[in-house]
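Notes to accompany the following structure.
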Amino acid sequence: MTKNWFVDWFASDFYQTVYNHRNISDANKLIDLIISKTNLKQKSWVLDAACGFGRHSQIFADKTMNVVGFDLSKTLLLRAKENLIDFNNAFLLRADIRNVCFKNKFDLISNLFTSFGYFESDEENFSFVKNSSKFLRKDGFFVFDYFNQFYLEKNLIPSSEREVNGIRISEKREIKNKRIVKEIFIQNSKTDKFYESVKLYSKDEIIDHFGKFGYKPRFIFGNYDGNNFDEELSERLVIFFTL
Ligand SMILES: C[S@@+](CC[C@H](N)C(=O)[O-])C[C@H]1O[C@@H](n2cnc3c(N)ncnc32)[C@H](O)[C@@H]1O
């Protein structure tokens, strides 16, 4: 596995097959939660960091907010372009999350569905958090959606198999060097192999790191329905930070 596993995996057409349950209706739930807890209005400016195929950007745009989505994957950005074609209040760009910078300030910055922890060092993983404090409005929110490390470790399924649209998918998972490492085998006419390797951070570690750049947690949820975070029971860690 290369340390740049995320370049190959998110460029692959199979990413959307493997995560086909992470669709617009899944995104709608989280956006409803975000809107209910923040002061977003029509025409507010939203930055969707690592927007993928734009499922959250599309909903923000549909609710008449101005959205800027960025991602590294050309494959996913092309899909996002198709999804956002009808909106003149949505903008896409290709950028690496480690280097991106904006002159204007946003009312909301979102980093959703574990678009985080892909790099080796804490410095790289939190570089966007550090930079973002310069382009988030003082009364704005940074919404961070990641897994609950404790739940993931306790409930790890070492291997599983399933079929999606006639494609056989086998996944092997292990915790190694404080990372969740997944091997993904796609059996089509041939077998393709991909990897994911995401660094594990506890809730307190995340809050400590954000804190170094001036962020304070305002709300902490354990799922997209807005239930309170519970270390034992929550699958997700959704933190609304303010400066
Ligand atoms: C798990 S997906 C989530 C995408 C989207 N937020 C969603 O919920 O559908 C992670 C995203 O991070 C993007 N990504 C990975 N490495 C990146 C990098 N270095 N810079 C910017 N985006 C990156 C991938 O291309 C992918 O779209």
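Labels for the structure tokens follow display order: chains A, B, ..., residues from 1 in each chain, ligands from 1.
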
Write out as a Markdown table the residues of chain A that have any atom within 6 Å of an atom of ligand 1, one row each with the nearest atom pair and its distance in Å to one decimal, counting only C-alpha atoms and all ligand atoms, sorted by chain and then rising number.
| residue | atom | partner | partner_atom_place_in_ligand_line | distance |
| --- | --- | --- | --- | --- |
| A:Phe6 | CA | ligand 1 | 15 (C) | 5.3 |
| A:Phe10 | CA | ligand 1 | 25 (O) | 4.8 |
| A:Ala50 | CA | ligand 1 | 22 (N) | 4.2 |
| A:Cys51 | CA | ligand 1 | 6 (N) | 4.3 |
| A:Gly52 | CA | ligand 1 | 27 (O) | 3.2 |
| A:Arg55 | CA | ligand 1 | 9 (O) | 5.9 |
| A:Asp71 | CA | ligand 1 | 22 (N) | 4.0 |
| A:Leu72 | CA | ligand 1 | 21 (C) | 4.2 |
| A:Ser73 | CA | ligand 1 | 25 (O) | 4.3 |
| A:Ala95 | CA | ligand 1 | 21 (C) | 5.8 |
| A:Asp96 | CA | ligand 1 | 20 (N) | 3.5 |
| A:Ile97 | CA | ligand 1 | 20 (N) | 3.8 |
| A:Leu112 | CA | ligand 1 | 6 (N) | 4.6 |
| A:Phe113 | CA | ligand 1 | 8 (O) | 4.5 |
| A:Thr114 | CA | ligand 1 | 1 (C) | 5.3 |
| A:Ser115 | CA | ligand 1 | 10 (C) | 4.1 |

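For Gly211 of chain A, the residues within 10 Å (counting only C-alpha atoms, excluding itself and residues fewer than 5 positions away along the chain) are Val129, Lys130, Glu205, Ile206, Lys216, Pro217, Phe241 and Leu243 of chain A.
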
message: List the spatial neighbours of Ile167 of chain A as a ChimeraX atom specification - criterion: any atom at most 9 Å away, only C-alpha atoms, same-chain residues fewer than 4 positions off excluded.
response: /A:17,162-163,186-188

Restricted to N, CA and C atoms, what would the selected residues look like written as a tab-separated table (two decimals), in the first residue's frame?
chain	number	residue	atom	x	y	z
A	17	THR	N	-19.52	2.65	-5.89
A	17	THR	CA	-20.23	1.37	-5.76
A	17	THR	C	-20.10	0.87	-4.33
A	162	ARG	N	-20.05	-8.73	0.03
A	162	ARG	CA	-21.39	-8.36	-0.41
A	162	ARG	C	-21.37	-8.15	-1.91
A	163	GLU	N	-22.56	-7.99	-2.48
A	163	GLU	CA	-22.64	-7.76	-3.92
A	163	GLU	C	-23.44	-6.48	-4.17
A	186	ILE	N	-12.36	-5.90	-5.47
A	186	ILE	CA	-13.52	-5.74	-6.34
A	186	ILE	C	-13.43	-6.81	-7.41
A	187	GLN	N	-14.42	-7.74	-7.37
A	187	GLN	CA	-14.40	-8.80	-8.38
A	187	GLN	C	-15.40	-8.47	-9.47
A	188	ASN	N	-14.86	-8.10	-10.60
A	188	ASN	CA	-15.69	-7.82	-11.77
A	188	ASN	C	-15.27	-8.84	-12.80

- line: For Lys203 of chain A, the closest of A:Ile175, A:Tyr146, A:Arg218, A:Asn228 counting only C-alpha atoms is A:Tyr146

- request: Based on DSSP run over this structure's backbone, return all residues of segment 48-204 of chain A in strand (DSSP E or B), as a PyMOL selection string.
  value: chain A and resi 48-49+66-71+90-94+106-111+136-147+159-164+167-176+179-187+191-199

Which residue of A:Phe126, A:Phe147, A:Phe142, A:Phe87 approaches Asn99 of chain A most closely, using only C-alpha atoms: A:Phe126

Point-to-point distance in Å for atom CA of Gly140 of chain A and atom CA of Glu120 of chain A: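 Rounded to one decimal, the two atoms are 29.0 Å apart.
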
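Compared by their closest atoms to Asn23 of chain A, and using only C-alpha atoms, the residues A:Ile59, A:Val100, A:Ile220, A:Met65 rank with A:Ile59 nearest.
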
message: From the options A:Phe53, A:Phe194, A:Tyr151, A:Lys199, which residue's atoms come nearest to Arg22 of chain A, counting only C-alpha atoms?
response: A:Phe53

- prompt: Which of these, A:Glu153, A:Asp62, A:Asp225, A:Glu82, has the shortest distance to Tyr201 of chain A once you count only C-alpha atoms?
  reply: A:Glu153

DSSP alpha helix (DSSP H) residues within segment 50-181 of chain A, as an mmCIF file with N, CA and C atoms, in the first residue's frame:
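Below is the file out.cif, written as the result:
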data_model
loop_
_atom_site.group_PDB
_atom_site.id
_atom_site.type_symbol
_atom_site.label_atom_id
_atom_site.label_comp_id
_atom_site.auth_asym_id
_atom_site.auth_seq_id
_atom_site.Cartn_x
_atom_site.Cartn_y
_atom_site.Cartn_z
ATOM 1 N N ARG A 55 -22.588 15.563 -2.939
ATOM 2 C CA ARG A 55 -23.952 15.300 -2.445
ATOM 3 C C ARG A 55 -24.367 16.335 -1.394
ATOM 4 N N HIS A 56 -23.437 16.766 -0.527
ATOM 5 C CA HIS A 56 -23.803 17.794 0.452
ATOM 6 C C HIS A 56 -23.865 19.176 -0.214
ATOM 7 N N SER A 57 -22.921 19.446 -1.106
ATOM 8 C CA SER A 57 -22.915 20.741 -1.814
ATOM 9 C C SER A 57 -24.233 20.958 -2.548
ATOM 10 N N GLN A 58 -24.712 19.890 -3.168
ATOM 11 C CA GLN A 58 -25.947 19.968 -3.949
ATOM 12 C C GLN A 58 -27.130 20.387 -3.052
ATOM 13 N N ILE A 59 -27.178 19.838 -1.856
ATOM 14 C CA ILE A 59 -28.295 20.160 -0.952
ATOM 15 C C ILE A 59 -28.162 21.596 -0.445
ATOM 16 N N PHE A 60 -26.940 22.005 -0.097
ATOM 17 C CA PHE A 60 -26.735 23.398 0.332
ATOM 18 C C PHE A 60 -27.161 24.347 -0.794
ATOM 19 N N ALA A 61 -26.754 24.024 -2.026
ATOM 20 C CA ALA A 61 -27.083 24.897 -3.165
ATOM 21 C C ALA A 61 -28.593 24.934 -3.388
ATOM 22 N N ASP A 62 -29.221 23.780 -3.229
ATOM 23 C CA ASP A 62 -30.672 23.701 -3.418
ATOM 24 C C ASP A 62 -31.400 24.546 -2.363
ATOM 25 N N LYS A 74 -10.358 13.960 -9.609
ATOM 26 C CA LYS A 74 -10.980 14.438 -10.847
ATOM 27 C C LYS A 74 -12.247 13.646 -11.138
ATOM 28 N N THR A 75 -12.185 12.336 -10.858
ATOM 29 C CA THR A 75 -13.339 11.454 -11.120
ATOM 30 C C THR A 75 -14.560 11.959 -10.362
ATOM 31 N N LEU A 76 -14.364 12.234 -9.055
ATOM 32 C CA LEU A 76 -15.506 12.657 -8.238
ATOM 33 C C LEU A 76 -15.919 14.089 -8.572
ATOM 34 N N LEU A 77 -14.966 14.933 -8.920
ATOM 35 C CA LEU A 77 -15.326 16.312 -9.282
ATOM 36 C C LEU A 77 -16.152 16.351 -10.572
ATOM 37 N N LEU A 78 -15.867 15.428 -11.488
ATOM 38 C CA LEU A 78 -16.678 15.382 -12.720
ATOM 39 C C LEU A 78 -18.122 15.016 -12.400
ATOM 40 N N ARG A 79 -18.272 14.061 -11.466
ATOM 41 C CA ARG A 79 -19.638 13.698 -11.026
ATOM 42 C C ARG A 79 -20.300 14.875 -10.326
ATOM 43 N N ALA A 80 -19.512 15.563 -9.501
ATOM 44 C CA ALA A 80 -20.051 16.719 -8.769
ATOM 45 C C ALA A 80 -20.514 17.792 -9.759
ATOM 46 N N LYS A 81 -19.740 17.956 -10.827
ATOM 47 C CA LYS A 81 -20.096 18.959 -11.836
ATOM 48 C C LYS A 81 -21.461 18.631 -12.449
ATOM 49 N N GLU A 82 -21.659 17.333 -12.739
ATOM 50 C CA GLU A 82 -22.970 16.909 -13.282
ATOM 51 C C GLU A 82 -24.080 17.194 -12.273
ATOM 52 N N ASN A 83 -23.811 16.894 -10.997
ATOM 53 C CA ASN A 83 -24.844 17.079 -9.965
ATOM 54 C C ASN A 83 -25.172 18.547 -9.709
ATOM 55 N N ASP A 122 0.335 14.141 12.108
ATOM 56 C CA ASP A 122 -0.730 14.996 12.649
ATOM 57 C C ASP A 122 -0.680 16.362 11.970
ATOM 58 N N GLU A 123 0.537 16.800 11.686
ATOM 59 C CA GLU A 123 0.694 18.122 11.068
ATOM 60 C C GLU A 123 -0.073 18.198 9.738
ATOM 61 N N GLU A 124 0.091 17.141 8.914
ATOM 62 C CA GLU A 124 -0.625 17.128 7.631
ATOM 63 C C GLU A 124 -2.135 16.953 7.852
ATOM 64 N N ASN A 125 -2.493 16.050 8.769
ATOM 65 C CA ASN A 125 -3.923 15.790 8.980
ATOM 66 C C ASN A 125 -4.665 17.036 9.463
ATOM 67 N N SER A 127 -3.587 20.210 8.978
ATOM 68 C CA SER A 127 -3.165 21.454 8.310
ATOM 69 C C SER A 127 -4.378 22.252 7.825
ATOM 70 N N PHE A 128 -5.416 21.553 7.356
ATOM 71 C CA PHE A 128 -6.607 22.281 6.894
ATOM 72 C C PHE A 128 -7.313 22.962 8.071
ATOM 73 N N VAL A 129 -7.345 22.279 9.208
ATOM 74 C CA VAL A 129 -7.980 22.856 10.400
ATOM 75 C C VAL A 129 -7.252 24.153 10.764
ATOM 76 N N LYS A 130 -5.922 24.064 10.734
ATOM 77 C CA LYS A 130 -5.102 25.243 11.056
ATOM 78 C C LYS A 130 -5.408 26.399 10.072
ATOM 79 N N ASN A 131 -5.349 26.087 8.768
ATOM 80 C CA ASN A 131 -5.549 27.142 7.765
ATOM 81 C C ASN A 131 -6.968 27.691 7.790
ATOM 82 N N SER A 132 -7.935 26.801 8.067
ATOM 83 C CA SER A 132 -9.349 27.193 7.960
ATOM 84 C C SER A 132 -9.716 28.301 8.944
ATOM 85 N N GLN A 149 -13.789 6.487 17.221
ATOM 86 C CA GLN A 149 -12.679 5.527 17.296
ATOM 87 C C GLN A 149 -13.002 4.367 18.238
ATOM 88 N N PHE A 150 -13.561 4.696 19.401
ATOM 89 C CA PHE A 150 -13.824 3.684 20.422
ATOM 90 C C PHE A 150 -14.817 2.637 19.885
ATOM 91 N N TYR A 151 -15.886 3.113 19.268
ATOM 92 C CA TYR A 151 -16.914 2.216 18.725
ATOM 93 C C TYR A 151 -16.328 1.365 17.589
ATOM 94 N N LEU A 152 -15.553 2.017 16.747
ATOM 95 C CA LEU A 152 -14.961 1.311 15.606
ATOM 96 C C LEU A 152 -14.056 0.165 16.075
ATOM 97 N N GLU A 153 -13.238 0.446 17.084
ATOM 98 C CA GLU A 153 -12.319 -0.583 17.587
ATOM 99 C C GLU A 153 -13.085 -1.745 18.221
ATOM 100 N N LYS A 154 -14.127 -1.413 18.978
ATOM 101 C CA LYS A 154 -14.888 -2.451 19.701
ATOM 102 C C LYS A 154 -15.749 -3.294 18.756
#
